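Here is the file entry.cif (mmCIF, C-alpha atoms).
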```
data_start
#
loop_
_atom_site.label_atom_id
_atom_site.label_comp_id
_atom_site.auth_asym_id
_atom_site.auth_seq_id
_atom_site.Cartn_x
_atom_site.Cartn_y
_atom_site.Cartn_z
CA MET A 1 0.00 0.00 0.00
CA LYS A 2 1.37 3.44 -0.94
CA ALA A 3 -0.48 5.25 1.82
CA LYS A 4 1.40 5.46 5.11
CA ILE A 5 -1.45 5.06 7.57
CA ARG A 6 -1.02 6.16 11.19
CA LYS A 7 -4.52 5.48 12.32
CA ILE A 8 -7.97 4.34 11.18
CA ALA A 9 -11.18 5.23 13.00
CA THR A 10 -14.71 4.04 12.32
CA PHE A 11 -17.90 5.54 13.63
CA VAL A 12 -21.39 3.99 13.57
CA GLU A 13 -24.35 6.12 14.54
CA GLU A 14 -27.88 4.78 15.08
CA THR A 15 -30.90 7.00 15.71
CA HIS A 16 -33.61 5.25 17.72
CA ARG A 17 -35.83 8.20 18.68
CA GLU A 18 -36.33 11.69 17.32
CA MET A 19 -38.73 14.24 18.87
CA ASP A 20 -40.06 11.43 21.01
CA ARG A 21 -41.04 9.26 18.06
CA GLU A 22 -39.61 5.83 17.74
CA ILE A 23 -37.51 5.31 14.59
CA SER A 24 -38.01 1.70 13.58
CA PRO A 25 -35.76 0.39 12.20
CA PRO A 26 -33.20 2.91 13.47
CA THR A 27 -31.50 5.02 10.78
CA ARG A 28 -27.80 4.19 10.58
CA ARG A 29 -24.70 5.89 9.24
CA ALA A 30 -21.09 4.82 9.30
CA ALA A 31 -17.88 6.68 8.56
CA ALA A 32 -14.38 5.28 8.18
CA VAL A 33 -11.51 7.72 8.50
CA ALA A 34 -7.81 7.17 7.74
CA VAL A 35 -5.03 9.43 9.00
CA ILE A 36 -2.12 9.27 6.56
CA GLU A 37 1.21 10.94 6.01
CA ASN A 38 1.02 13.72 3.41
CA PRO A 39 3.91 12.96 1.03
CA CYS A 40 3.58 16.47 -0.45
CA ALA A 41 3.60 18.42 2.84
CA GLY A 42 5.87 21.42 3.31
CA LYS A 43 6.64 22.12 -0.33
CA TYR A 44 4.94 22.91 -3.60
CA VAL A 45 4.59 19.73 -5.65
CA GLU A 46 3.33 20.14 -9.22
CA ASP A 47 2.48 16.51 -9.98
CA LEU A 48 -0.01 15.14 -7.46
CA SER A 49 -0.39 11.69 -9.01
CA GLU A 50 1.02 9.99 -5.88
CA LEU A 51 -1.94 11.36 -3.90
CA MET A 52 -4.35 10.20 -6.61
CA VAL A 53 -3.09 6.62 -6.25
CA ILE A 54 -3.43 6.90 -2.48
CA GLY A 55 -7.01 8.07 -3.02
CA GLU A 56 -7.77 4.95 -5.03
CA GLU A 57 -6.41 2.69 -2.27
CA LEU A 58 -8.24 4.54 0.47
CA GLY A 59 -11.54 4.53 -1.42
CA GLU A 60 -11.60 0.75 -1.33
CA LEU A 61 -10.27 0.41 2.21
CA LEU A 62 -12.60 2.99 3.77
CA ALA A 63 -15.75 1.97 1.89
CA THR A 64 -15.08 -1.66 2.89
CA ARG A 65 -14.64 -0.66 6.53
CA ALA A 66 -17.76 1.51 6.52
CA VAL A 67 -20.11 -1.13 5.11
CA ALA A 68 -18.53 -3.74 7.40
CA ALA A 69 -19.25 -1.45 10.34
CA LEU A 70 -22.90 -1.34 9.27
CA GLY A 71 -22.88 -5.10 8.75
CA ILE A 72 -24.41 -4.82 5.28
CA PRO A 73 -23.28 -5.91 1.81
CA GLY A 74 -21.97 -2.98 -0.26
CA PRO A 75 -24.94 -2.87 -2.68
CA SER A 76 -27.34 -2.35 0.27
CA ALA A 77 -25.83 1.05 1.04
CA GLU A 78 -28.27 3.87 0.30
CA SER A 79 -26.24 7.07 0.50
CA TYR A 80 -22.62 8.10 0.58
CA GLY A 81 -20.19 10.97 0.92
CA LYS A 82 -16.48 11.73 1.22
CA ALA A 83 -14.29 14.40 2.79
CA ALA A 84 -10.69 15.22 3.63
CA ALA A 85 -8.86 17.54 6.01
CA VAL A 86 -5.29 18.53 5.21
CA GLY A 87 -2.87 19.38 8.04
CA GLU A 88 -1.34 22.84 8.19
CA ASN A 89 1.77 22.01 6.09
CA GLY A 90 -0.37 20.81 3.20
CA GLU A 91 -2.46 22.39 0.49
CA LEU A 92 -6.19 22.17 -0.16
CA GLU A 93 -5.30 20.79 -3.56
CA HIS A 94 -3.82 17.72 -1.84
CA ALA A 95 -7.30 16.89 -0.54
CA ALA A 96 -8.66 17.37 -4.05
CA ALA A 97 -6.05 15.00 -5.49
CA ILE A 98 -7.03 12.28 -3.02
CA LEU A 99 -10.79 12.72 -3.28
CA HIS A 100 -11.63 13.49 -6.88
CA PRO A 101 -9.67 11.65 -9.58
CA LYS A 102 -9.76 8.02 -8.35
CA LEU A 103 -11.29 7.52 -4.91
CA GLY A 104 -14.88 7.43 -6.18
CA THR A 105 -14.22 4.57 -8.60
CA SER A 106 -12.93 2.29 -5.87
CA VAL A 107 -15.76 3.28 -3.49
CA ARG A 108 -18.24 2.29 -6.23
CA ARG A 109 -16.44 -1.03 -6.72
CA VAL A 110 -17.20 -1.86 -3.09
CA LEU A 111 -20.81 -0.65 -3.26
CA GLY A 112 -21.61 -2.42 -6.51
CA LYS A 113 -23.22 0.65 -8.02
CA GLY A 114 -23.27 4.38 -7.37
CA ALA A 115 -24.58 6.28 -10.36
CA ALA A 116 -24.71 9.57 -8.46
CA LEU A 117 -21.89 12.01 -7.83
CA ILE A 118 -20.33 11.40 -4.41
CA PRO A 119 -20.90 14.61 -2.45
CA SER A 120 -17.70 15.93 -0.89
CA SER A 121 -16.13 18.56 1.30
CA LYS A 122 -12.56 19.48 2.15
CA LYS A 123 -10.64 21.85 4.35
CA ARG A 124 -7.29 22.58 5.91
CA GLY A 125 -7.08 22.53 9.67
CA GLY A 126 -5.32 21.57 12.87
CA LEU A 127 -5.71 18.70 15.30
CA GLY A 128 -9.32 17.98 16.18
CA VAL A 129 -10.74 19.80 13.19
CA VAL A 130 -14.34 18.77 12.46
CA LEU A 131 -15.19 17.30 9.07
CA ASP A 132 -18.80 17.53 7.92
CA ILE A 133 -19.17 14.79 5.32
CA PRO A 134 -22.10 15.60 3.01
CA LEU A 135 -24.38 12.68 2.18
CA GLY A 136 -26.54 12.01 -0.86
CA HIS A 137 -28.32 8.98 -2.32
CA LYS A 138 -25.82 6.83 -4.20
CA ASP A 139 -27.93 6.18 -7.28
CA ALA A 140 -30.07 9.31 -7.59
CA ALA A 141 -28.72 12.60 -6.26
CA PHE A 142 -32.18 14.19 -6.12
CA VAL A 143 -33.64 11.84 -3.48
CA ARG A 144 -34.53 14.50 -0.92
CA SER A 145 -34.93 12.19 2.10
CA HIS A 146 -31.24 11.28 1.83
CA PHE A 147 -29.72 14.79 1.76
CA ASP A 148 -27.81 14.65 5.00
CA GLY A 149 -24.40 15.01 6.61
CA MET A 150 -22.26 13.26 9.18
CA GLU A 151 -19.74 14.91 11.43
CA VAL A 152 -16.45 13.19 12.27
CA ARG A 153 -13.54 14.32 14.38
CA ILE A 154 -10.34 12.77 15.70
CA ASN A 155 -8.77 14.73 18.52
CA ASP A 156 -5.14 14.07 17.50
CA ALA A 157 -5.44 14.50 13.74
CA PRO A 158 -4.47 15.84 11.30
CA ARG A 159 -0.96 16.69 12.43
CA ALA A 160 0.84 19.27 10.26
CA ASN A 161 2.18 16.67 7.81
CA GLU A 162 -0.93 14.49 7.69
CA ILE A 163 -4.21 14.18 5.81
CA MET A 164 -7.44 12.82 7.26
CA VAL A 165 -9.56 11.05 4.62
CA ALA A 166 -13.17 10.02 5.30
CA VAL A 167 -15.82 7.96 3.52
CA ALA A 168 -19.35 7.80 4.92
CA VAL A 169 -22.07 5.30 4.01
CA THR A 170 -25.65 4.86 5.27
CA ASP A 171 -28.39 2.27 5.05
CA SER A 172 -31.11 4.95 5.34
CA GLY A 173 -32.02 8.60 5.00
CA ARG A 174 -32.89 11.14 7.70
CA PRO A 175 -34.90 9.78 10.65
CA LEU A 176 -38.22 11.56 9.93
CA PRO A 177 -38.11 12.84 6.33
CA ARG A 178 -41.15 14.95 5.38
CA VAL A 179 -40.06 17.74 3.08
CA GLY A 180 -41.28 16.03 -0.09
CA GLY A 181 -39.26 15.73 -3.30
CA LEU A 182 -38.14 12.58 -5.09
CA THR A 183 -38.49 9.46 -2.92
CA LYS A 184 -36.25 6.41 -3.12
CA ASP A 185 -38.99 4.17 -4.51
CA GLN A 186 -39.32 6.54 -7.51
CA ILE A 187 -35.66 6.25 -8.55
CA LYS A 188 -34.96 5.36 -12.18
CA GLY A 189 -31.22 5.20 -11.46
CA GLU A 190 -30.03 5.84 -14.99
CA ASP A 191 -28.45 9.27 -14.95
CA GLY A 192 -27.38 9.42 -11.29
CA LEU A 193 -29.80 12.27 -10.68
CA ARG A 194 -33.36 10.79 -10.55
CA MET B 1 -39.33 2.95 37.78
CA PRO B 2 -38.37 5.35 34.99
CA GLU B 3 -38.04 3.82 31.54
CA VAL B 4 -34.71 4.00 29.68
CA LEU B 5 -35.59 5.91 26.51
CA LEU B 6 -32.77 5.62 24.01
CA ARG B 7 -32.48 8.29 21.31
CA LYS B 8 -29.19 7.46 19.71
CA LYS B 9 -26.18 5.17 19.82
CA LEU B 10 -22.68 5.68 18.49
CA ALA B 11 -19.84 3.19 18.27
CA CYS B 12 -16.31 4.37 17.45
CA VAL B 13 -13.26 2.20 16.87
CA GLU B 14 -9.74 3.57 16.53
CA GLU B 15 -6.89 1.47 15.20
CA ILE B 16 -3.50 3.03 15.89
CA PHE B 17 -0.54 1.81 13.84
CA HIS B 18 2.13 4.23 15.07
CA GLU B 19 2.62 7.70 16.43
CA GLY B 20 5.82 8.73 14.75
CA GLY B 21 7.82 5.72 16.03
CA PRO B 22 8.18 2.15 14.76
CA PRO B 23 4.78 0.72 13.68
CA ALA B 24 3.42 -1.66 16.32
CA ALA B 25 3.49 -5.38 15.54
CA LYS B 26 -0.10 -5.43 16.76
CA PRO B 27 -1.90 -2.10 16.29
CA LEU B 28 -3.53 -0.68 19.42
CA ARG B 29 -7.30 -0.60 19.18
CA ARG B 30 -9.65 1.51 21.25
CA ALA B 31 -13.41 1.44 21.07
CA ALA B 32 -16.12 3.60 22.57
CA ALA B 33 -19.83 2.83 22.86
CA ILE B 34 -22.07 5.80 23.51
CA ALA B 35 -25.80 5.93 24.26
CA VAL B 36 -27.95 9.04 24.47
CA ILE B 37 -30.93 8.57 26.77
CA ARG B 38 -33.58 10.79 28.26
CA ASN B 39 -32.80 12.04 31.75
CA PRO B 40 -35.88 11.10 33.79
CA TYR B 41 -34.90 13.62 36.50
CA ALA B 42 -34.22 16.65 34.26
CA GLY B 43 -35.70 20.01 35.23
CA HIS B 44 -36.23 19.55 38.96
CA TYR B 45 -34.60 18.16 42.07
CA VAL B 46 -35.50 14.55 42.75
CA ALA B 47 -34.24 13.11 46.03
CA GLU B 48 -34.50 9.40 45.32
CA ILE B 49 -32.71 8.54 42.10
CA GLU B 50 -30.83 5.35 42.99
CA SER B 51 -33.36 2.95 41.48
CA PHE B 52 -32.50 4.18 37.98
CA MET B 53 -29.17 2.34 38.28
CA ASP B 54 -31.03 -0.96 38.07
CA ASP B 55 -32.93 0.26 35.01
CA LEU B 56 -29.61 1.07 33.33
CA LYS B 57 -28.07 -2.37 33.89
CA PRO B 58 -29.27 -3.97 30.62
CA LEU B 59 -27.92 -0.97 28.68
CA GLY B 60 -24.53 -1.26 30.42
CA LEU B 61 -24.33 -4.92 29.50
CA GLU B 62 -25.40 -4.30 25.93
CA MET B 63 -22.82 -1.53 25.46
CA ALA B 64 -20.07 -3.71 26.96
CA ARG B 65 -20.98 -6.47 24.50
CA THR B 66 -20.95 -3.95 21.65
CA LEU B 67 -17.39 -3.00 22.58
CA VAL B 68 -16.11 -6.56 22.76
CA ALA B 69 -17.73 -7.29 19.39
CA ALA B 70 -16.26 -4.12 17.88
CA LEU B 71 -12.80 -5.20 19.04
CA GLY B 72 -13.05 -8.66 17.53
CA GLY B 73 -15.37 -10.63 19.79
CA ASP B 74 -12.90 -12.13 22.28
CA PRO B 75 -13.17 -10.66 25.81
CA LYS B 76 -9.66 -12.02 26.59
CA ILE B 77 -7.97 -9.41 24.39
CA ILE B 78 -9.43 -6.48 26.33
CA GLU B 79 -6.68 -4.89 28.47
CA GLY B 80 -7.97 -1.43 29.39
CA TYR B 81 -11.31 0.16 30.20
CA GLY B 82 -13.01 3.36 31.32
CA LYS B 83 -16.40 5.04 31.51
CA GLY B 84 -17.96 8.48 31.51
CA ALA B 85 -21.14 10.53 31.31
CA ILE B 86 -22.23 13.96 30.13
CA VAL B 87 -25.42 15.29 31.70
CA GLY B 88 -27.49 17.79 29.68
CA SER B 89 -28.07 21.29 31.02
CA ALA B 90 -31.40 20.54 32.74
CA GLY B 91 -29.80 17.82 34.86
CA GLU B 92 -27.27 17.68 37.67
CA LEU B 93 -23.86 16.07 37.96
CA GLU B 94 -25.29 13.51 40.38
CA HIS B 95 -27.38 12.06 37.55
CA GLY B 96 -24.13 11.19 35.76
CA ALA B 97 -23.02 9.29 38.86
CA LEU B 98 -25.89 6.83 38.24
CA TRP B 99 -23.74 5.33 35.49
CA HIS B 100 -20.97 4.13 37.83
CA ALA B 101 -22.54 0.85 38.86
CA PRO B 102 -24.38 -0.24 35.68
CA GLY B 103 -21.54 0.82 33.37
CA GLY B 104 -18.80 -0.70 35.48
CA TYR B 105 -20.51 -3.96 36.33
CA GLY B 106 -21.69 -4.36 32.73
CA MET B 107 -18.08 -4.34 31.56
CA ARG B 108 -16.85 -6.56 34.39
CA GLU B 109 -19.51 -9.14 33.68
CA VAL B 110 -18.70 -9.27 29.99
CA LEU B 111 -14.96 -9.42 30.66
CA GLY B 112 -15.33 -12.23 33.17
CA GLY B 113 -14.47 -10.49 36.41
CA ALA B 114 -11.92 -7.77 35.72
CA LYS B 115 -10.37 -6.70 39.05
CA ALA B 116 -9.45 -3.03 38.76
CA ILE B 117 -11.77 -0.14 39.49
CA VAL B 118 -13.10 1.33 36.25
CA ALA B 119 -11.58 4.79 35.70
CA SER B 120 -14.28 7.39 35.12
CA THR B 121 -15.16 11.00 34.56
CA LYS B 122 -18.33 13.03 34.20
CA LYS B 123 -19.59 16.54 33.62
CA VAL B 124 -22.60 18.69 32.73
CA GLY B 125 -22.53 20.10 29.22
CA GLY B 126 -24.40 21.08 26.07
CA PRO B 127 -24.71 19.35 22.70
CA GLY B 128 -21.30 18.61 21.19
CA THR B 129 -19.48 18.62 24.53
CA ARG B 130 -16.41 16.38 24.38
CA LEU B 131 -15.41 14.06 27.19
CA ASP B 132 -11.94 12.62 27.71
CA VAL B 133 -12.73 9.18 29.11
CA PRO B 134 -9.82 7.91 31.23
CA ILE B 135 -8.57 4.38 30.65
CA THR B 136 -6.62 2.05 32.98
CA HIS B 137 -5.65 -1.62 32.97
CA VAL B 138 -8.58 -3.97 33.65
CA ASN B 139 -6.80 -5.97 36.36
CA ALA B 140 -4.25 -3.60 37.92
CA SER B 141 -4.83 0.16 38.05
CA TYR B 142 -1.11 0.96 38.41
CA VAL B 143 0.02 -0.48 35.09
CA ARG B 144 1.60 2.65 33.64
CA SER B 145 1.69 1.58 29.98
CA HIS B 146 -2.12 1.33 29.97
CA PHE B 147 -2.89 4.81 31.33
CA ASP B 148 -4.68 6.25 28.33
CA SER B 149 -7.83 8.10 27.36
CA MET B 150 -10.25 8.34 24.50
CA GLU B 151 -12.14 11.45 23.51
CA VAL B 152 -15.85 10.96 22.83
CA GLY B 153 -18.78 13.17 21.97
CA ILE B 154 -21.76 13.58 19.67
CA THR B 155 -22.58 16.80 17.84
CA ASP B 156 -26.27 16.89 18.79
CA ALA B 157 -26.08 15.43 22.28
CA PRO B 158 -26.74 15.69 25.12
CA ARG B 159 -29.79 17.91 24.75
CA ALA B 160 -30.96 19.63 27.95
CA ASP B 161 -33.08 16.70 29.10
CA GLU B 162 -30.67 13.96 28.09
CA ILE B 163 -27.66 12.05 29.44
CA LEU B 164 -24.84 10.79 27.24
CA LEU B 165 -23.37 7.56 28.61
CA ALA B 166 -20.02 6.20 27.45
CA LEU B 167 -17.98 3.03 27.90
CA VAL B 168 -14.53 2.47 26.39
CA MET B 169 -12.21 -0.52 26.03
CA THR B 170 -8.71 -0.94 24.62
CA THR B 171 -6.64 -3.89 23.46
CA GLY B 172 -3.25 -2.88 24.82
CA PRO B 173 -0.74 -0.27 25.99
CA ARG B 174 -0.14 3.14 24.40
CA VAL B 175 1.36 2.48 21.00
CA HIS B 176 4.90 3.60 21.94
CA ALA B 177 4.67 3.13 25.75
CA ARG B 178 8.11 3.72 27.31
CA ALA B 179 7.56 5.71 30.50
CA GLY B 180 8.44 2.89 32.90
CA GLY B 181 6.37 1.93 35.95
CA LEU B 182 4.53 -1.30 36.67
CA LYS B 183 4.37 -3.54 33.59
CA ALA B 184 1.37 -5.66 32.58
CA SER B 185 3.67 -8.71 32.80
CA GLU B 186 4.38 -7.97 36.48
CA ILE B 187 0.76 -7.86 37.67
CA LYS B 188 -0.10 -9.92 40.74
CA GLY B 189 -3.79 -9.33 40.08
CA GLU B 190 -5.01 -9.75 43.62
CA ASP B 191 -6.11 -6.31 44.77
CA GLY B 192 -6.96 -4.68 41.43
CA LEU B 193 -4.10 -2.24 41.92
CA ARG B 194 -0.82 -4.07 41.21
#
```

Using structure tokens, write down the structure from this file.
Amino acid sequence: MKAKIRKIATFVEETHREMDREISPPTRRAAAVAVIENPCAGKYVEDLSELMVIGEELGELLATRAVAALGIPGPSAESYGKAAAVGENGELEHAAAILHPKLGTSVRRVLGKGAALIPSSKKRGGLGVVLDIPLGHKDAAFVRSHFDGMEVRINDAPRANEIMVAVAVTDSGRPLPRVGGLTKDQIKGEDGLR
Amino acid sequence: MPEVLLRKKLACVEEIFHEGGPPAAKPLRRAAAIAVIRNPYAGHYVAEIESFMDDLKPLGLEMARTLVAALGGDPKIIEGYGKGAIVGSAGELEHGALWHAPGGYGMREVLGGAKAIVASTKKVGGPGTRLDVPITHVNASYVRSHFDSMEVGITDAPRADEILLALVMTTGPRVHARAGGLKASEIKGEDGLR
């Protein structure tokens, strides 16, 4: 593996009640986060292909961990998202190189499908920075019940020369969706939008 | 007897490969199980609260089992533990103390009679409050390599009338432990201390 991983964290969140209503079955989200060395930290590097390859590796590793944490087969995942936080000696573009060119393809390999764009966010920050991973339905971006987000944080990351890379997967939408829009049973799943 | 009303659960697992030194032969793993429940005593002073400890016992056991499962399923590999609580703003610190017995005994039962007192901490706080849960060796509190902690928290908890309950377990010493003191291999294991 090209990525030098210091640490991996997984988070599984289940919502059982919301505004005193029982959520049955509970809505569930999982995120897997890797803390890796940033090989481009501290200097301007023109060619970011090393980070792109790392992104491909991490897409598979983190998506596999996230669905395993939910205890579901990849194709049963309903929504997904990705995010990265670059330590202070890195550049926002390093997060882009990990997230955008290749990570999505390997995430989709694990999930079986994934016609929709994987929503993403990125930032630069210090130890304990909070990442809000945006979430959207994996086959139809317009499914309104699945517009969501998941917050992750690791108190000792990213250090200055590190990058924190996160993939989030759910088996459900928000706990009590009622703002209309496209529903998941109406998905055509051809163009990734509807 | 007040009912235990669960709103949300979160499980986090951290796998630590190194912290700047030689990668560990066996990565250190830490896990936290968190439950957000309604505080049956929020908003007013209630003199008799002790009975709620019995109501919390099944939750303590369930969370302890969640941790063992998250760390691979074998209680024998668990070497450190700790517990904590955050009481929402309409409650009092004493409500957090209700977690001592059910949280501690839940873990001891699942681990087959661990001897050391379970390190703990608690506070009153708003949604998103973080808690550094202290961790010590399960059979001998003085084992220096196992003094550790794990930061936990949930963005939207505890609300004013809620309590956030946490249990943590680890599979070994700090990843580069080298500060001397009593070693795990030197434990007598009689008094829970040494």

**Q.** Picked residues, the PyMOL selection byres ((chain A) within 6 of (chain B)), as an NGL selection string
**A.** :A and (6-17)

Write the residues of the selection above to a file with C-alpha atoms, as a compact mmCIF listing (two decimals), keeping the file's coordinate frame.
```txt
# COMPACT_ATOMS: atom_id res chain seq x y z
CA ARG A 6 -1.02 6.16 11.19
CA LYS A 7 -4.52 5.48 12.32
CA ILE A 8 -7.97 4.34 11.18
CA ALA A 9 -11.18 5.23 13.00
CA THR A 10 -14.71 4.04 12.32
CA PHE A 11 -17.90 5.54 13.63
CA VAL A 12 -21.39 3.99 13.57
CA GLU A 13 -24.35 6.12 14.54
CA GLU A 14 -27.88 4.78 15.08
CA THR A 15 -30.90 7.00 15.71
CA HIS A 16 -33.61 5.25 17.72
CA ARG A 17 -35.83 8.20 18.68
```

Resolved residues for the PyMOL selection byres ((chain A and resi 81-96) around 7) as a tab-separated table (two decimals) with C-alpha atoms, in the coordinates of the input:
```tsv
chain	number	residue	atom	x	y	z
A	40	CYS	CA	3.58	16.47	-0.45
A	41	ALA	CA	3.60	18.42	2.84
A	42	GLY	CA	5.87	21.42	3.31
A	51	LEU	CA	-1.94	11.36	-3.90
A	80	TYR	CA	-22.62	8.10	0.58
A	97	ALA	CA	-6.05	15.00	-5.49
A	98	ILE	CA	-7.03	12.28	-3.02
A	99	LEU	CA	-10.79	12.72	-3.28
A	100	HIS	CA	-11.63	13.49	-6.88
A	118	ILE	CA	-20.33	11.40	-4.41
A	119	PRO	CA	-20.90	14.61	-2.45
A	120	SER	CA	-17.70	15.93	-0.89
A	121	SER	CA	-16.13	18.56	1.30
A	122	LYS	CA	-12.56	19.48	2.15
A	123	LYS	CA	-10.64	21.85	4.35
A	124	ARG	CA	-7.29	22.58	5.91
A	125	GLY	CA	-7.08	22.53	9.67
A	126	GLY	CA	-5.32	21.57	12.87
A	131	LEU	CA	-15.19	17.30	9.07
A	133	ILE	CA	-19.17	14.79	5.32
A	134	PRO	CA	-22.10	15.60	3.01
A	135	LEU	CA	-24.38	12.68	2.18
A	136	GLY	CA	-26.54	12.01	-0.86
A	158	PRO	CA	-4.47	15.84	11.30
A	159	ARG	CA	-0.96	16.69	12.43
A	160	ALA	CA	0.84	19.27	10.26
A	161	ASN	CA	2.18	16.67	7.81
A	162	GLU	CA	-0.93	14.49	7.69
A	163	ILE	CA	-4.21	14.18	5.81
A	164	MET	CA	-7.44	12.82	7.26
A	165	VAL	CA	-9.56	11.05	4.62
A	166	ALA	CA	-13.17	10.02	5.30
A	167	VAL	CA	-15.82	7.96	3.52
A	168	ALA	CA	-19.35	7.80	4.92
A	169	VAL	CA	-22.07	5.30	4.01
```

Apply the PyMOL selection byres ((chain B and resi 67) around 12) to the structure shown and report the selected residues as an mmCIF file with C-alpha atoms, keeping the file's coordinate frame.
```cif
data_model
loop_
_atom_site.group_PDB
_atom_site.id
_atom_site.type_symbol
_atom_site.label_atom_id
_atom_site.label_comp_id
_atom_site.auth_asym_id
_atom_site.auth_seq_id
_atom_site.Cartn_x
_atom_site.Cartn_y
_atom_site.Cartn_z
ATOM 1 C CA LEU B 10 -22.680 5.680 18.490
ATOM 2 C CA ALA B 11 -19.840 3.190 18.270
ATOM 3 C CA CYS B 12 -16.310 4.370 17.450
ATOM 4 C CA VAL B 13 -13.260 2.200 16.870
ATOM 5 C CA GLU B 14 -9.740 3.570 16.530
ATOM 6 C CA ARG B 29 -7.300 -0.600 19.180
ATOM 7 C CA ARG B 30 -9.650 1.510 21.250
ATOM 8 C CA ALA B 31 -13.410 1.440 21.070
ATOM 9 C CA ALA B 32 -16.120 3.600 22.570
ATOM 10 C CA ALA B 33 -19.830 2.830 22.860
ATOM 11 C CA ILE B 34 -22.070 5.800 23.510
ATOM 12 C CA GLY B 60 -24.530 -1.260 30.420
ATOM 13 C CA LEU B 61 -24.330 -4.920 29.500
ATOM 14 C CA GLU B 62 -25.400 -4.300 25.930
ATOM 15 C CA MET B 63 -22.820 -1.530 25.460
ATOM 16 C CA ALA B 64 -20.070 -3.710 26.960
ATOM 17 C CA ARG B 65 -20.980 -6.470 24.500
ATOM 18 C CA THR B 66 -20.950 -3.950 21.650
ATOM 19 C CA VAL B 68 -16.110 -6.560 22.760
ATOM 20 C CA ALA B 69 -17.730 -7.290 19.390
ATOM 21 C CA ALA B 70 -16.260 -4.120 17.880
ATOM 22 C CA LEU B 71 -12.800 -5.200 19.040
ATOM 23 C CA GLY B 72 -13.050 -8.660 17.530
ATOM 24 C CA GLY B 73 -15.370 -10.630 19.790
ATOM 25 C CA ASP B 74 -12.900 -12.130 22.280
ATOM 26 C CA PRO B 75 -13.170 -10.660 25.810
ATOM 27 C CA ILE B 77 -7.970 -9.410 24.390
ATOM 28 C CA ILE B 78 -9.430 -6.480 26.330
ATOM 29 C CA GLY B 80 -7.970 -1.430 29.390
ATOM 30 C CA TYR B 81 -11.310 0.160 30.200
ATOM 31 C CA GLY B 82 -13.010 3.360 31.320
ATOM 32 C CA GLY B 106 -21.690 -4.360 32.730
ATOM 33 C CA MET B 107 -18.080 -4.340 31.560
ATOM 34 C CA VAL B 110 -18.700 -9.270 29.990
ATOM 35 C CA LEU B 111 -14.960 -9.420 30.660
ATOM 36 C CA ALA B 166 -20.020 6.200 27.450
ATOM 37 C CA LEU B 167 -17.980 3.030 27.900
ATOM 38 C CA VAL B 168 -14.530 2.470 26.390
ATOM 39 C CA MET B 169 -12.210 -0.520 26.030
ATOM 40 C CA THR B 170 -8.710 -0.940 24.620
ATOM 41 C CA THR B 171 -6.640 -3.890 23.460
#
```

Q: For Ala63 of chain A, list every protein, DNA or RNA residue within 7 Å, evaluated using all atoms listed in the file, and leave out those in the same chain fewer than 4 positions away; present the list as a ChimeraX atom specification.
A: /A:59,67,107,110,167

Q | Between atom CA of Gly84 of chain B and atom CA of Glu50 of chain B - distance in Å to one decimal | A | 17.5 Å

Step by step, gather every atom of segment 84-88 of chain B that the file lists, find the box along x, y and z that holds them, add 6 Å on each side, and finally give centre and edge lengths in Å to one decimal, as lines of an AutoDock Vina configuration file.
```
center_x = -22.7
center_y = 13.1
center_z = 30.7
size_x = 21.5
size_y = 21.3
size_z = 14.0
```

Q: Work out how far atom CA of Leu70 of chain A is from atom CA of Thr183 of chain A, in Å to one decimal.
A: 22.5 Å

Q | Distance query Ser106 of chain A at most 9 Å, all atoms listed in the file, self and fewer than 3 positions along chain excluded, as a list in words | A | Gly55, Glu56, Glu57, Leu58, Gly59, Glu60, Leu61, Ala63, Lys102, Leu103, Arg109, Val110 and Leu111 of chain A

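Atom pair atom CA of Arg174 of chain B / atom CA of Ala119 of chain B: separated by 16.2 Å.
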
Q. Near Ile72 of chain A, counting only C-alpha atoms, which residues have an atom at most 12 Å away, once you skip same-chain residues fewer than 2 positions from it, shown as an MDAnalysis selection string?
A. chainID A and resid 28:30 63:70 74:78 110:111 169:172

Q | Nearby residues (all atoms listed in the file) at most 12 Å from Lys188 of chain B, same-chain spacing under 5 positions excluded, as a ChimeraX atom specification | A | /B:115-116,139-143,182-183,193-194

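For the set A:Met52, A:Val35, A:Ile23, A:Gly180, the residue with the smallest atom-to-atom gap to Thr105 of chain A is A:Met52, counting all atoms listed in the file.
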